[in-house]
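Here is my_file.txt, consisting of compact mmCIF, C-alpha atoms and all ligand atoms:
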```
# COMPACT_ATOMS: atom_id res chain seq x y z
CA MET A 175 -16.99 2.61 0.75
CA SER A 176 -14.49 3.93 3.29
CA GLU A 177 -13.47 7.49 2.77
CA PRO A 178 -10.71 7.75 0.17
CA ASN A 179 -7.37 8.26 1.75
CA GLN A 180 -5.97 11.67 0.91
CA SER A 181 -5.60 13.09 4.38
CA ARG A 182 -2.28 14.15 5.82
CA PRO A 183 -1.06 12.02 8.67
CA ASP A 184 -0.33 14.21 11.66
CA VAL A 185 2.62 12.25 13.06
CA HIS A 186 4.52 9.22 11.87
CA ILE A 187 3.21 6.29 13.84
CA PRO A 188 2.86 3.00 11.99
CA VAL A 189 -0.85 2.28 11.72
CA LEU A 190 -2.37 -0.49 13.85
CA ALA A 191 1.13 -1.22 15.20
CA ASP A 192 0.00 -3.02 18.38
CA GLU A 193 -2.55 -5.06 16.45
CA VAL A 194 0.05 -6.05 13.83
CA VAL A 195 2.43 -7.31 16.52
CA ARG A 196 -0.34 -9.11 18.41
CA LEU A 197 -1.69 -10.87 15.32
CA LEU A 198 1.55 -11.64 13.48
CA GLU A 199 2.93 -12.90 16.79
CA PRO A 200 6.68 -12.55 16.11
CA ARG A 201 8.90 -15.07 17.87
CA ALA A 202 12.64 -15.01 18.52
CA GLY A 203 14.69 -16.08 15.50
CA GLU A 204 11.90 -15.80 12.92
CA THR A 205 11.95 -14.11 9.51
CA TYR A 206 9.72 -11.08 8.92
CA ALA A 207 9.10 -9.79 5.40
CA ASP A 208 7.88 -6.21 5.13
CA CYS A 209 6.52 -5.72 1.59
CA THR A 210 6.08 -1.97 2.09
CA ALA A 211 8.88 -0.95 4.47
CA GLY A 212 8.06 2.78 4.24
CA ARG A 213 9.74 4.53 7.15
CA GLY A 214 10.34 1.26 8.95
CA GLY A 215 7.90 1.78 11.80
CA HIS A 216 6.38 -1.72 11.66
CA ALA A 217 9.72 -3.31 10.83
CA ALA A 218 11.43 -1.72 13.83
CA ARG A 219 8.69 -3.01 16.14
CA MET A 220 8.80 -6.51 14.68
CA SER A 221 12.60 -6.65 14.73
CA LEU A 222 12.64 -6.09 18.49
CA ALA A 223 10.56 -9.22 18.98
CA ILE A 224 12.49 -11.47 16.61
CA GLY A 225 15.85 -10.29 17.97
CA ALA A 226 19.42 -10.94 16.92
CA GLY A 227 18.75 -14.45 15.65
CA GLY A 228 16.00 -13.27 13.31
CA THR A 229 15.89 -11.75 9.83
CA VAL A 230 14.04 -8.65 8.66
CA VAL A 231 13.41 -8.44 4.92
CA LEU A 232 12.72 -4.85 3.87
CA ASN A 233 11.11 -4.13 0.53
CA ASP A 234 9.95 -0.85 -1.00
CA LEU A 235 9.58 0.63 -4.47
CA ASP A 236 10.92 3.91 -3.19
CA GLY A 237 14.68 3.97 -2.54
CA GLY A 238 14.39 6.83 -0.05
CA CYS A 239 11.86 4.86 2.00
CA LEU A 240 14.03 1.77 1.96
CA ASP A 241 16.99 3.76 3.36
CA ALA A 242 14.76 5.29 6.06
CA ALA A 243 13.44 1.84 7.01
CA ARG A 244 16.96 0.42 7.30
CA LEU A 245 17.93 3.26 9.63
CA ALA A 246 14.80 2.78 11.75
CA VAL A 247 15.47 -0.95 12.21
CA GLU A 248 19.13 -0.29 12.98
CA ALA A 249 18.21 2.39 15.50
CA GLY A 250 15.99 -0.13 17.28
CA GLY A 251 19.17 -2.05 18.14
CA SER A 252 17.64 -5.53 17.87
CA GLY A 253 20.66 -6.90 16.01
CA ALA A 254 18.35 -8.72 13.58
CA ARG A 255 19.87 -9.48 10.19
CA MET A 256 18.55 -7.14 7.51
CA VAL A 257 18.02 -7.91 3.83
CA GLY A 258 16.82 -5.08 1.58
CA PHE A 259 15.08 -5.22 -1.79
CA ARG A 260 14.18 -2.16 -3.80
CA GLY A 261 11.30 -3.06 -6.02
CA ASN A 262 7.68 -3.98 -6.43
CA PHE A 263 6.28 -6.31 -3.79
CA ALA A 264 4.76 -8.28 -6.65
CA ASP A 265 8.34 -9.47 -7.31
CA LEU A 266 9.29 -10.02 -3.67
CA PRO A 267 8.17 -13.68 -3.44
CA ARG A 268 10.41 -14.61 -6.37
CA ARG A 269 13.35 -12.61 -5.03
CA MET A 270 12.99 -14.17 -1.59
CA ALA A 271 12.75 -17.69 -2.96
CA GLU A 272 15.83 -17.05 -5.12
CA GLY A 273 17.66 -15.80 -2.04
CA GLY A 274 16.64 -18.85 -0.01
CA LEU A 275 14.49 -16.76 2.34
CA ALA A 276 11.23 -18.11 3.78
CA ALA A 277 9.03 -15.72 5.74
CA ASP A 278 7.32 -16.64 8.99
CA MET A 279 5.46 -13.33 8.84
CA VAL A 280 4.56 -11.03 5.95
CA LEU A 281 3.08 -7.55 6.17
CA ALA A 282 1.86 -5.25 3.40
CA ASP A 283 0.79 -1.81 4.63
CA LEU A 284 -0.56 -0.53 1.33
CA GLY A 285 -0.48 2.85 -0.35
CA PHE A 286 1.91 5.70 0.28
CA SER A 287 3.73 7.12 3.28
CA SER A 288 3.35 10.55 4.79
CA THR A 289 6.81 11.51 3.50
CA GLN A 290 5.71 10.79 -0.06
CA MET A 291 2.43 12.67 0.38
CA ASP A 292 4.12 15.68 1.95
CA ASP A 293 6.72 16.00 -0.81
CA ALA A 294 5.12 18.38 -3.33
CA ALA A 295 7.54 17.24 -6.04
CA ARG A 296 6.01 13.73 -6.00
CA GLY A 297 2.64 15.10 -7.12
CA PHE A 298 0.39 13.03 -4.84
CA SER A 299 -1.36 15.87 -3.08
CA PHE A 300 -4.04 18.21 -4.37
CA MET A 301 -3.18 20.47 -1.46
CA ARG A 302 0.33 21.20 -2.74
CA GLU A 303 1.39 22.72 -6.04
CA GLY A 304 3.63 20.24 -7.82
CA PRO A 305 4.23 18.33 -11.04
CA LEU A 306 1.50 15.79 -11.81
CA ASP A 307 3.64 12.71 -11.21
CA MET A 308 2.25 10.25 -8.57
CA ARG A 309 4.73 7.44 -9.26
CA LEU A 310 5.79 5.56 -6.14
CA ASP A 311 8.89 4.54 -8.07
CA ALA A 312 9.92 7.88 -9.55
CA SER A 313 12.56 6.24 -11.75
CA ARG A 314 10.23 4.53 -14.21
CA GLY A 315 6.79 4.30 -15.75
CA GLU A 316 4.12 6.74 -16.84
CA THR A 317 3.18 9.70 -14.68
CA ALA A 318 -0.34 10.90 -13.89
CA ALA A 319 0.25 13.74 -16.39
CA ASP A 320 1.02 11.16 -19.09
CA LEU A 321 -2.32 9.45 -18.44
CA VAL A 322 -4.41 12.60 -18.09
CA ASN A 323 -3.01 14.13 -21.27
CA ALA A 324 -3.06 11.04 -23.49
CA LEU A 325 -5.76 8.54 -22.56
CA PRO A 326 -9.00 8.50 -24.56
CA GLU A 327 -11.89 10.15 -22.72
CA ALA A 328 -13.75 6.86 -22.15
CA GLU A 329 -10.70 5.23 -20.60
CA LEU A 330 -10.12 8.19 -18.30
CA ALA A 331 -13.77 8.08 -17.24
CA GLY A 332 -13.45 4.34 -16.53
CA ILE A 333 -10.41 4.87 -14.29
CA ILE A 334 -12.06 7.71 -12.39
CA ARG A 335 -15.28 5.70 -11.94
CA ASP A 336 -13.71 2.32 -11.08
CA TYR A 337 -10.76 3.41 -8.93
CA GLY A 338 -12.19 6.62 -7.48
CA GLU A 339 -15.84 5.57 -7.31
CA GLU A 340 -16.57 9.09 -8.56
CA ARG A 341 -20.22 9.52 -9.49
CA LEU A 342 -19.40 12.33 -11.95
CA ALA A 343 -16.57 10.41 -13.65
CA ARG A 344 -17.82 10.99 -17.19
CA ALA A 345 -18.25 14.71 -16.66
CA VAL A 346 -14.79 14.99 -15.06
CA ALA A 347 -13.19 13.09 -17.96
CA ARG A 348 -15.01 15.27 -20.52
CA LYS A 349 -13.75 18.42 -18.83
CA LEU A 350 -10.19 17.05 -18.60
CA VAL A 351 -10.16 16.39 -22.33
CA ALA A 352 -11.52 19.87 -23.13
CA GLU A 353 -8.93 21.47 -20.85
CA ARG A 354 -5.98 19.47 -22.14
CA ASP A 355 -6.90 20.48 -25.69
CA ARG A 356 -6.28 24.08 -24.60
CA SER A 357 -2.97 23.24 -22.90
CA PRO A 358 -1.48 20.11 -21.30
CA ILE A 359 -2.42 19.53 -17.66
CA GLU A 360 0.94 19.44 -15.89
CA THR A 361 0.37 20.35 -12.24
CA THR A 362 -1.56 19.05 -9.23
CA SER A 363 -3.22 22.40 -8.64
CA ARG A 364 -4.50 22.76 -12.20
CA LEU A 365 -5.89 19.22 -12.09
CA ALA A 366 -7.55 19.89 -8.73
CA GLU A 367 -9.11 23.13 -10.03
CA ILE A 368 -10.51 21.38 -13.11
CA ILE A 369 -12.03 18.60 -10.97
CA ARG A 370 -13.51 21.09 -8.51
CA SER A 371 -15.05 23.04 -11.40
CA VAL A 372 -17.07 19.89 -12.20
CA VAL A 373 -17.65 18.26 -8.82
CA GLY A 374 -18.01 21.42 -6.73
CA VAL A 375 -16.10 22.91 -3.85
CA ALA A 376 -15.85 21.15 -0.49
CA GLY A 377 -17.93 22.49 2.36
CA SER A 378 -16.56 22.42 5.89
CA GLY A 379 -15.90 18.92 7.16
CA ARG A 380 -16.43 17.32 3.76
CA ILE A 381 -13.67 15.65 1.79
CA ASP A 382 -12.20 17.70 -1.02
CA PRO A 383 -13.99 16.97 -4.33
CA ALA A 384 -10.60 16.26 -5.92
CA THR A 385 -9.97 13.35 -3.52
CA ARG A 386 -11.61 10.61 -5.54
CA THR A 387 -10.05 11.49 -8.88
CA PHE A 388 -6.58 11.86 -7.32
CA GLN A 389 -6.98 8.45 -5.67
CA ALA A 390 -8.08 6.94 -8.99
CA LEU A 391 -5.09 8.30 -10.88
CA ARG A 392 -2.64 7.17 -8.18
CA ILE A 393 -4.07 3.65 -8.31
CA ALA A 394 -3.82 3.59 -12.11
CA VAL A 395 -0.30 5.07 -12.29
CA ASN A 396 1.04 2.50 -9.84
CA ASP A 397 -1.18 -0.44 -10.86
CA GLU A 398 -1.94 -0.77 -7.17
CA LEU A 399 -4.74 -3.32 -7.48
CA GLY A 400 -2.81 -5.46 -9.97
CA ASN A 401 0.21 -5.58 -7.65
CA LEU A 402 -1.95 -6.52 -4.68
CA GLU A 403 -3.59 -9.33 -6.65
CA SER A 404 -0.20 -10.59 -7.73
CA LEU A 405 1.07 -10.63 -4.12
CA LEU A 406 -2.02 -12.52 -2.97
CA GLU A 407 -1.60 -15.07 -5.77
CA SER A 408 1.97 -15.63 -4.56
CA VAL A 409 0.71 -16.16 -1.02
CA GLU A 410 -1.73 -18.78 -2.31
CA ARG A 411 0.92 -20.47 -4.46
CA GLY A 412 3.36 -20.44 -1.52
CA ALA A 413 0.72 -22.04 0.69
CA MET A 414 0.05 -24.73 -1.95
CA LEU A 415 3.76 -25.50 -2.22
CA ARG A 416 3.88 -25.94 1.55
CA ARG A 417 0.82 -28.17 1.58
CA GLY A 418 2.35 -30.21 -1.23
CA GLY A 419 5.25 -30.87 1.12
CA SER A 420 7.76 -28.81 -0.87
CA VAL A 421 10.34 -27.16 1.35
CA ALA A 422 12.51 -25.83 -1.46
CA GLY A 423 11.45 -22.98 -3.70
CA GLY A 424 8.79 -21.49 -1.46
CA TRP A 425 8.99 -17.99 0.00
CA LEU A 426 6.73 -18.80 2.95
CA ALA A 427 7.58 -20.91 5.97
CA GLY A 428 5.06 -23.40 7.31
CA GLY A 429 2.51 -21.69 9.57
CA ALA A 430 3.36 -18.26 8.11
CA ARG A 431 1.16 -15.37 9.20
CA ILE A 432 0.20 -12.86 6.50
CA GLY A 433 -1.22 -9.42 7.30
CA ILE A 434 -2.50 -6.81 4.86
CA ILE A 435 -3.50 -3.27 5.80
CA SER A 436 -5.68 -1.61 3.18
CA PHE A 437 -6.99 1.93 3.05
CA HIS A 438 -9.96 1.81 0.71
CA SER A 439 -12.74 -0.58 -0.09
CA LEU A 440 -11.36 -1.63 -3.49
CA GLU A 441 -8.22 -3.02 -1.84
CA ASP A 442 -10.03 -4.48 1.13
CA ARG A 443 -12.47 -6.35 -1.12
CA ILE A 444 -9.58 -8.00 -3.00
CA VAL A 445 -7.89 -9.06 0.26
CA LYS A 446 -11.14 -10.30 1.78
CA ARG A 447 -11.94 -12.48 -1.25
CA ALA A 448 -8.44 -13.95 -1.58
CA PHE A 449 -8.19 -14.75 2.13
CA ALA A 450 -11.69 -16.28 2.14
CA ARG A 451 -10.77 -18.49 -0.84
CA MET A 452 -7.63 -19.73 0.93
CA CYS A 453 -9.53 -20.42 4.13
CA GLU A 454 -12.30 -22.28 2.29
CA SER A 455 -9.78 -24.50 0.53
CA GLY A 456 -8.06 -25.27 3.84
CA LEU A 457 -4.78 -23.54 2.94
CA ALA A 458 -5.11 -21.03 5.76
CA ARG A 459 -7.19 -20.01 8.72
CA ALA A 460 -8.36 -16.48 9.45
CA LEU A 461 -6.84 -14.76 12.47
CA THR A 462 -9.25 -11.84 12.00
CA ARG A 463 -12.92 -12.63 11.49
CA LYS A 464 -13.64 -9.01 10.65
CA PRO A 465 -11.09 -6.41 9.56
CA VAL A 466 -9.34 -4.80 12.52
CA GLU A 467 -9.74 -1.02 12.69
CA ALA A 468 -7.90 1.69 14.60
CA THR A 469 -9.10 2.71 18.04
CA GLU A 470 -10.44 6.21 18.63
CA ASP A 471 -7.20 7.03 20.45
CA GLU A 472 -5.13 6.04 17.44
CA VAL A 473 -7.34 7.99 15.05
CA GLY A 474 -6.94 10.98 17.36
CA MET A 475 -3.15 10.75 17.03
CA ASN A 476 -2.99 9.76 13.36
CA ARG A 477 -5.91 10.71 11.12
CA ARG A 478 -4.76 8.42 8.35
CA SER A 479 -5.46 5.38 10.52
CA ARG A 480 -9.21 6.06 10.34
CA SER A 481 -9.50 4.25 7.02
CA ALA A 482 -7.05 1.40 7.79
CA ARG A 483 -8.37 -2.19 7.73
CA LEU A 484 -6.12 -5.07 8.81
CA ARG A 485 -6.83 -8.69 7.83
CA VAL A 486 -4.55 -11.55 8.88
CA ILE A 487 -4.41 -15.26 8.01
CA GLU A 488 -2.17 -18.09 9.11
CA LEU A 489 -1.13 -20.86 6.75
CA THR A 490 -2.24 -24.26 7.93
C1 LIG A 501 1.93 3.19 4.16
S1 LIG A 501 3.59 3.15 3.68
C2 LIG A 501 4.27 1.91 4.72
C3 LIG A 501 4.64 2.41 6.07
C4 LIG A 501 5.40 1.41 6.90
N1 LIG A 501 4.60 0.26 7.26
C5 LIG A 501 6.00 2.03 8.14
O1 LIG A 501 5.83 1.48 9.24
O2 LIG A 501 6.63 3.10 8.01
C6 LIG A 501 3.49 2.33 2.14
C7 LIG A 501 4.83 2.11 1.46
O3 LIG A 501 4.60 1.13 0.46
C8 LIG A 501 5.38 1.43 -0.65
N2 LIG A 501 4.73 0.74 -1.78
C9 LIG A 501 3.49 0.95 -2.28
N3 LIG A 501 3.23 0.09 -3.27
C10 LIG A 501 4.31 -0.72 -3.38
C11 LIG A 501 4.64 -1.82 -4.21
N4 LIG A 501 3.80 -2.27 -5.15
N5 LIG A 501 5.82 -2.43 -4.04
C12 LIG A 501 6.70 -1.97 -3.09
N6 LIG A 501 6.45 -0.94 -2.28
C13 LIG A 501 5.27 -0.31 -2.42
C14 LIG A 501 5.39 2.93 -0.72
O4 LIG A 501 6.52 3.38 -1.44
C15 LIG A 501 5.41 3.30 0.76
O5 LIG A 501 6.72 3.50 1.20
```
Using the file provided, produce a representation of the structure as structure tokens.
Amino acid sequence: MSEPNQSRPDVHIPVLADEVVRLLEPRAGETYADCTAGRGGHAARMSLAIGAGGTVVLNDLDGGCLDAARLAVEAGGSGARMVGFRGNFADLPRRMAEGGLAADMVLADLGFSSTQMDDAARGFSFMREGPLDMRLDASRGETAADLVNALPEAELAGIIRDYGEERLARAVARKLVAERDRSPIETTSRLAEIIRSVVGVAGSGRIDPATRTFQALRIAVNDELGNLESLLESVERGAMLRRGGSVAGGWLAGGARIGIISFHSLEDRIVKRAFARMCESGLARALTRKPVEATEDEVGMNRRSRSARLRVIELT
């Protein structure tokens, strides 16, 4: 498994930006759909290539990110038309089809942005004292504290094992239940201390022992794997509609290129399987035979890029 992604990015540079542009191959006048607009780094780059006759669709669960992405694209000065959606990318295909938008290129750069990680109040980081929240959309849904304080021990252990690939998942879950019986676990630092008391303390150069359990809870709180699967099903359905000759109702243009950047092996496995299935059934062809990884130079500038894996297909 790739190392779980809990590191702090050093600077904001969109990951694998050159590779995304090279593989998605934006052309003047095309429509680019960014499922995870974040701070708009990829979108700004893509908008320059598609220019004033093109359309940039920006989508993010986080309203603050969506605003930042809009500003970044505007600042690029491409003149491309912008359409913004605040919401889950699992709903983006439907919203685009309803709006009569068909994407020539789609990108999902999964996970969270550095702004979200660095904001202690969002509760993503075990390195910052904050409320145990972890919701990408802070306006709805259960927080990490809700799960940690309410789920049965076996369910907690399952989440920590399956989404964090934590060897000591059962012991961590047992300790969490014992601790929450004393008093509810409400903060990132208390959770991190409890995990470290079971898994041990990191030595130099090793990842923090809290990394895997934090990753697991974030994935569960935001149903990250379910949303990814739903997006990939929509890509497959969109491709089938195209192959069936339907022009109306689809959210993907003929020959659309779809890129997904994942940051841990659970996500990458889902993308790999879905893309392979579409290629085997002749709906798409792979533009990346193996996942594209960041160069040493990029990792030197942005530590987060070390676990990024980009896979791209093109609809046939
Ligand atoms: C790694 S950042 C994207 C960075 C972006 N590519 C850029 O260039 O700045 C991931 C973004 O995806 C958003 N996100 C994660 N899961 C999402 C989902 N299911 N639906 C919509 N947005 C999501 C997060 O809020 C975050 O802003």
From the set A:Glu339, A:Asp355, A:Glu204, A:Asp307, which residue has the shortest atom-to-atom contact distance to Leu275 in chain A, counting all atoms listed in the file?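 Using all atoms listed in the file, Leu275 in chain A sits closest to A:Glu204.
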Closest-contact table, chain A side, partner ligand LIG 501 (chain A), 8 Å, counting all atoms listed in the file, as a Markdown table:
```
| residue | atom | partner | partner_atom | distance |
| --- | --- | --- | --- | --- |
| A:His186 | CA | A:LIG501 | O2 | 7.5 |
| A:Ile187 | CA | A:LIG501 | O1 | 7.2 |
| A:Pro188 | CA | A:LIG501 | O1 | 4.3 |
| A:Val189 | CA | A:LIG501 | O1 | 7.2 |
| A:Asp208 | CA | A:LIG501 | N1 | 7.6 |
| A:Cys209 | CA | A:LIG501 | C12 | 6.0 |
| A:Thr210 | CA | A:LIG501 | O3 | 3.8 |
| A:Ala211 | CA | A:LIG501 | C4 | 4.9 |
| A:Gly212 | CA | A:LIG501 | O5 | 3.4 |
| A:Arg213 | CA | A:LIG501 | O2 | 3.5 |
| A:Gly214 | CA | A:LIG501 | O2 | 4.2 |
| A:Gly215 | CA | A:LIG501 | O1 | 3.3 |
| A:His216 | CA | A:LIG501 | O1 | 4.0 |
| A:Ala217 | CA | A:LIG501 | O1 | 6.4 |
| A:Ala218 | CA | A:LIG501 | O1 | 7.9 |
| A:Asn233 | CA | A:LIG501 | C12 | 6.1 |
| A:Asp234 | CA | A:LIG501 | N6 | 3.7 |
| A:Leu235 | CA | A:LIG501 | C12 | 4.1 |
| A:Asp236 | CA | A:LIG501 | O4 | 4.8 |
| A:Cys239 | CA | A:LIG501 | O5 | 5.4 |
| A:Leu240 | CA | A:LIG501 | O5 | 7.6 |
| A:Ala243 | CA | A:LIG501 | O2 | 7.0 |
| A:Arg260 | CA | A:LIG501 | C12 | 7.5 |
| A:Gly261 | CA | A:LIG501 | C12 | 5.6 |
| A:Asn262 | CA | A:LIG501 | N5 | 3.4 |
| A:Phe263 | CA | A:LIG501 | N5 | 3.9 |
| A:Ala264 | CA | A:LIG501 | N4 | 6.3 |
| A:Ala282 | CA | A:LIG501 | N1 | 7.3 |
| A:Asp283 | CA | A:LIG501 | N1 | 5.1 |
| A:Leu284 | CA | A:LIG501 | C6 | 5.0 |
| A:Gly285 | CA | A:LIG501 | C6 | 4.7 |
| A:Phe286 | CA | A:LIG501 | C6 | 4.2 |
| A:Ser287 | CA | A:LIG501 | S1 | 4.0 |
| A:Ser288 | CA | A:LIG501 | S1 | 7.5 |
| A:Gln290 | CA | A:LIG501 | O5 | 7.5 |
| A:Leu310 | CA | A:LIG501 | O4 | 5.2 |
| A:Asp311 | CA | A:LIG501 | O4 | 7.1 |
| A:Asn396 | CA | A:LIG501 | N4 | 7.2 |
| A:Asp397 | CA | A:LIG501 | N4 | 7.8 |
| A:Glu398 | CA | A:LIG501 | N4 | 6.3 |
| A:Asn401 | CA | A:LIG501 | N4 | 5.5 |
| A:Leu402 | CA | A:LIG501 | N4 | 7.2 |
```
Those residues with C-alpha atoms, as an mmCIF file, keeping the file's coordinate frame please?
```
data_model
loop_
_atom_site.group_PDB
_atom_site.id
_atom_site.type_symbol
_atom_site.label_atom_id
_atom_site.label_comp_id
_atom_site.auth_asym_id
_atom_site.auth_seq_id
_atom_site.Cartn_x
_atom_site.Cartn_y
_atom_site.Cartn_z
ATOM 1 C CA HIS A 186 4.520 9.220 11.870
ATOM 2 C CA ILE A 187 3.210 6.290 13.840
ATOM 3 C CA PRO A 188 2.860 3.000 11.990
ATOM 4 C CA VAL A 189 -0.850 2.280 11.720
ATOM 5 C CA ASP A 208 7.880 -6.210 5.130
ATOM 6 C CA CYS A 209 6.520 -5.720 1.590
ATOM 7 C CA THR A 210 6.080 -1.970 2.090
ATOM 8 C CA ALA A 211 8.880 -0.950 4.470
ATOM 9 C CA GLY A 212 8.060 2.780 4.240
ATOM 10 C CA ARG A 213 9.740 4.530 7.150
ATOM 11 C CA GLY A 214 10.340 1.260 8.950
ATOM 12 C CA GLY A 215 7.900 1.780 11.800
ATOM 13 C CA HIS A 216 6.380 -1.720 11.660
ATOM 14 C CA ALA A 217 9.720 -3.310 10.830
ATOM 15 C CA ALA A 218 11.430 -1.720 13.830
ATOM 16 C CA ASN A 233 11.110 -4.130 0.530
ATOM 17 C CA ASP A 234 9.950 -0.850 -1.000
ATOM 18 C CA LEU A 235 9.580 0.630 -4.470
ATOM 19 C CA ASP A 236 10.920 3.910 -3.190
ATOM 20 C CA CYS A 239 11.860 4.860 2.000
ATOM 21 C CA LEU A 240 14.030 1.770 1.960
ATOM 22 C CA ALA A 243 13.440 1.840 7.010
ATOM 23 C CA ARG A 260 14.180 -2.160 -3.800
ATOM 24 C CA GLY A 261 11.300 -3.060 -6.020
ATOM 25 C CA ASN A 262 7.680 -3.980 -6.430
ATOM 26 C CA PHE A 263 6.280 -6.310 -3.790
ATOM 27 C CA ALA A 264 4.760 -8.280 -6.650
ATOM 28 C CA ALA A 282 1.860 -5.250 3.400
ATOM 29 C CA ASP A 283 0.790 -1.810 4.630
ATOM 30 C CA LEU A 284 -0.560 -0.530 1.330
ATOM 31 C CA GLY A 285 -0.480 2.850 -0.350
ATOM 32 C CA PHE A 286 1.910 5.700 0.280
ATOM 33 C CA SER A 287 3.730 7.120 3.280
ATOM 34 C CA SER A 288 3.350 10.550 4.790
ATOM 35 C CA GLN A 290 5.710 10.790 -0.060
ATOM 36 C CA LEU A 310 5.790 5.560 -6.140
ATOM 37 C CA ASP A 311 8.890 4.540 -8.070
ATOM 38 C CA ASN A 396 1.040 2.500 -9.840
ATOM 39 C CA ASP A 397 -1.180 -0.440 -10.860
ATOM 40 C CA GLU A 398 -1.940 -0.770 -7.170
ATOM 41 C CA ASN A 401 0.210 -5.580 -7.650
ATOM 42 C CA LEU A 402 -1.950 -6.520 -4.680
#
```
Which is closest to Asp265 in chain A among A:Ile435, A:Leu457, A:Leu406, A:Leu484, if we use all atoms listed in the file?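 Nearest to Asp265 in chain A: A:Leu406.
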Do a neighbour search on range 296-305 of chain A at 12 Å with only C-alpha atoms, toss out local chain neighbours closer than 3 positions, and write the hits as a ChimeraX atom specification. /A:179-182,236,285-293,308-313,317-320,358-370,381-393,395-396
Those selected residues, please, written with C-alpha atoms and delivered as a short mmCIF file (atom, residue, chain, number, x, y, z; two decimals), keeping the file's coordinate frame.
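The resulting result33.cif:
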```cif
data_model
loop_
_atom_site.label_atom_id
_atom_site.label_comp_id
_atom_site.auth_asym_id
_atom_site.auth_seq_id
_atom_site.Cartn_x
_atom_site.Cartn_y
_atom_site.Cartn_z
CA ASN A 179 -7.37 8.26 1.75
CA GLN A 180 -5.97 11.67 0.91
CA SER A 181 -5.60 13.09 4.38
CA ARG A 182 -2.28 14.15 5.82
CA ASP A 236 10.92 3.91 -3.19
CA GLY A 285 -0.48 2.85 -0.35
CA PHE A 286 1.91 5.70 0.28
CA SER A 287 3.73 7.12 3.28
CA SER A 288 3.35 10.55 4.79
CA THR A 289 6.81 11.51 3.50
CA GLN A 290 5.71 10.79 -0.06
CA MET A 291 2.43 12.67 0.38
CA ASP A 292 4.12 15.68 1.95
CA ASP A 293 6.72 16.00 -0.81
CA MET A 308 2.25 10.25 -8.57
CA ARG A 309 4.73 7.44 -9.26
CA LEU A 310 5.79 5.56 -6.14
CA ASP A 311 8.89 4.54 -8.07
CA ALA A 312 9.92 7.88 -9.55
CA SER A 313 12.56 6.24 -11.75
CA THR A 317 3.18 9.70 -14.68
CA ALA A 318 -0.34 10.90 -13.89
CA ALA A 319 0.25 13.74 -16.39
CA ASP A 320 1.02 11.16 -19.09
CA PRO A 358 -1.48 20.11 -21.30
CA ILE A 359 -2.42 19.53 -17.66
CA GLU A 360 0.94 19.44 -15.89
CA THR A 361 0.37 20.35 -12.24
CA THR A 362 -1.56 19.05 -9.23
CA SER A 363 -3.22 22.40 -8.64
CA ARG A 364 -4.50 22.76 -12.20
CA LEU A 365 -5.89 19.22 -12.09
CA ALA A 366 -7.55 19.89 -8.73
CA GLU A 367 -9.11 23.13 -10.03
CA ILE A 368 -10.51 21.38 -13.11
CA ILE A 369 -12.03 18.60 -10.97
CA ARG A 370 -13.51 21.09 -8.51
CA ILE A 381 -13.67 15.65 1.79
CA ASP A 382 -12.20 17.70 -1.02
CA PRO A 383 -13.99 16.97 -4.33
CA ALA A 384 -10.60 16.26 -5.92
CA THR A 385 -9.97 13.35 -3.52
CA ARG A 386 -11.61 10.61 -5.54
CA THR A 387 -10.05 11.49 -8.88
CA PHE A 388 -6.58 11.86 -7.32
CA GLN A 389 -6.98 8.45 -5.67
CA ALA A 390 -8.08 6.94 -8.99
CA LEU A 391 -5.09 8.30 -10.88
CA ARG A 392 -2.64 7.17 -8.18
CA ILE A 393 -4.07 3.65 -8.31
CA VAL A 395 -0.30 5.07 -12.29
CA ASN A 396 1.04 2.50 -9.84
#
```
What is the CA of Gly250 in chain A to CA of Leu222 in chain A distance in Å? 6.9 Å
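The closest residue to Leu405 in chain A, picked from A:Gly274, A:Pro326, A:Pro267, A:Gly338 and counting only C-alpha atoms, is A:Pro267.
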Select, from A:Val346, A:Met279, A:Val230, A:Ala246, the residue with the minimum atom-to-atom distance to Val409 in chain A, counting only C-alpha atoms.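 Counting only C-alpha atoms, the residue closest to Val409 in chain A is A:Met279.
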For Arg196 in chain A, which of A:Gly251, A:Gly228, A:Gly332, A:Gly433 is the closest residue, counting only C-alpha atoms? A:Gly433
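Taking CA of Lys446 in chain A and CA of Arg485 in chain A as endpoints, the distance between them is 7.6 Å.
One distance worth recording is that between CA of Gly237 in chain A and CA of Ala207 in chain A, which is 16.8 Å.
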So that I can see what lies close to Arg443 in chain A, please list as a list in words the residues with an atom at most 12 Å from it, counting all atoms listed in the file and leaving out residues fewer than 4 positions away in the same chain.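 Contacts, with the query itself left out: Met175, Ser176, Leu399, Leu402, Glu403, Ile434, Ile435, Ser436, Phe437, His438, Ser439, Arg447, Ala448, Phe449, Ala450, Pro465, Arg483, Leu484 and Arg485 of chain A.
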So that I have them on file, write out the residues from the current selection with C-alpha atoms, as a tab-separated table (two decimals), keeping the file's coordinate frame.
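Saved the output as selection.tsv:
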```tsv
chain	number	residue	atom	x	y	z
A	175	MET	CA	-16.99	2.61	0.75
A	176	SER	CA	-14.49	3.93	3.29
A	399	LEU	CA	-4.74	-3.32	-7.48
A	402	LEU	CA	-1.95	-6.52	-4.68
A	403	GLU	CA	-3.59	-9.33	-6.65
A	434	ILE	CA	-2.50	-6.81	4.86
A	435	ILE	CA	-3.50	-3.27	5.80
A	436	SER	CA	-5.68	-1.61	3.18
A	437	PHE	CA	-6.99	1.93	3.05
A	438	HIS	CA	-9.96	1.81	0.71
A	439	SER	CA	-12.74	-0.58	-0.09
A	447	ARG	CA	-11.94	-12.48	-1.25
A	448	ALA	CA	-8.44	-13.95	-1.58
A	449	PHE	CA	-8.19	-14.75	2.13
A	450	ALA	CA	-11.69	-16.28	2.14
A	465	PRO	CA	-11.09	-6.41	9.56
A	483	ARG	CA	-8.37	-2.19	7.73
A	484	LEU	CA	-6.12	-5.07	8.81
A	485	ARG	CA	-6.83	-8.69	7.83
```
